[in-house]
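A.B. asks: Here it is: the structure, laid out below.
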Amino acid sequence: MEEIKWPAIEFSRGTMQVIPDQKRAMICSTLSFCRGWFNNLKIIDSVGNVFIIKEVTTIPRVTMLHRIFVQIINRRLTVEFTDYQLESQISLDEFKKIVTETIDSMEAENNRWSEKENVGVLKREVMSASSFRKVMQILTSPQSIPDEPENSSDGKDNM
């Protein structure tokens, strides 16, 4: 099975989220899990591989009792991707187009971007990025995604 090369971006339910490493990808809230965040989750990794998550399990498992109280206690869960597959590989230009379209969609839905943020500047920076990793740095704080290592094909920090 092909490995996910971190950092990556998750796309689910009309939103996106930059995930710096495997450990962060495996943590979610009970509410997000129950609302289907992982249902057909698309992940595009730092080299353009597109993965579709088919199945996840919780560690420990979410029981029906947990679902009843999910509105009261929104605790964190650790999940494991038990079934995922490499769907395709995309070019950097295709990736930037997907990201900017998602920004537009999120802005229209008012899901993410505050009025103070200049979405036009953000989209221009994304379109001028020279790598998948640079796009991810633009979308999050730069210190959370370090610059590309000298030997980026060494496969470290993969899933």
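Each chain in the structure tokens gets a letter, A, B and so on, in the order shown; residues start at 1 in every chain, and ligands are counted from 1 in the order they appear.
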Would you kindly return, as a PyMOL selection string, each protein, DNA or RNA residue with an atom no farther than 9 Å from any atom of Leu122 of chain A, considering only C-alpha atoms and excluding same-chain residues fewer than 2 positions away?
C.D. replies: chain A and resi 100+103+117-120+124-127+138-139
A.B. asks: Do a neighbour search on Phe11 of chain A at 7 Å with only C-alpha atoms, toss out local chain neighbours closer than 4 positions, and write the hits as a PDB file with C-alpha atoms, in the first residue's frame.
C.D. replies:
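Result file follows (around-v8.pdb):
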```pdb
ATOM      1  CA  THR A  15     -13.642  22.243   3.815  1.00  0.00           C
ATOM      2  CA  MET A  16      -9.926  21.591   4.004  1.00  0.00           C
ATOM      3  CA  GLN A  17      -7.373  21.282   6.755  1.00  0.00           C
ATOM      4  CA  LEU A  41     -12.063  11.759   3.190  1.00  0.00           C
ATOM      5  CA  LYS A  42      -9.684  12.905   0.451  1.00  0.00           C
ATOM      6  CA  ILE A  43      -6.055  13.479   1.379  1.00  0.00           C
TER       7      ILE A  43
END
```
A.B. asks: Can you pull out every residue within 12 Å of Ile27 of chain A, counting only C-alpha atoms, but drop anything in the same chain fewer than 4 positions away, and send it as a list of chain:residue names?
C.D. replies: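 Returned residues: A:Ile19, A:Asp21, A:Gln22, A:Lys23, A:Leu31, A:Ser32, A:Phe33, A:Trp37, A:Phe38, A:Val56, A:Thr57, A:Thr58, A:Ile59, A:Arg75, A:Arg76, A:Leu77, A:Thr78, A:Val79, A:Glu80, A:Phe81.
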A.B. asks: Within 8 Å of Pro7 of chain A, counting only C-alpha atoms, which residues show up once you throw out same-chain ones fewer than 5 positions away? Write them as a compact mmCIF listing (two decimals) with C-alpha atoms, in the first residue's frame, please.
C.D. replies:
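Written out: around-v3.txt:
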```
# COMPACT_ATOMS: atom_id res chain seq x y z
CA VAL A 18 -3.57 21.15 6.63
CA ILE A 19 -2.19 18.19 8.57
CA PRO A 20 1.53 18.49 9.37
CA ASP A 21 2.17 14.85 10.32
CA ASP A 45 -0.02 14.61 0.27
CA SER A 46 3.13 16.66 -0.19
CA ARG A 133 4.66 21.95 0.68
CA MET A 136 0.55 24.04 2.77
CA ILE A 145 5.32 22.93 8.26
```
A.B. asks: Do a neighbour search on Asn40 of chain A at 6 Å with only C-alpha atoms, toss out local chain neighbours closer than 3 positions, and write the hits as a list in words.
C.D. replies: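 Those residues are Ile52, Ile53 and Lys54 of chain A.
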A.B. asks: So which residues touch Phe132 of chain A within 10 Å, counting only C-alpha atoms, skipping near sequence neighbours fewer than 4 positions away, as number ranges by chain?
C.D. replies: A: 7-9, 44-48, 91-93, 95-96, 126, 136-137, 148
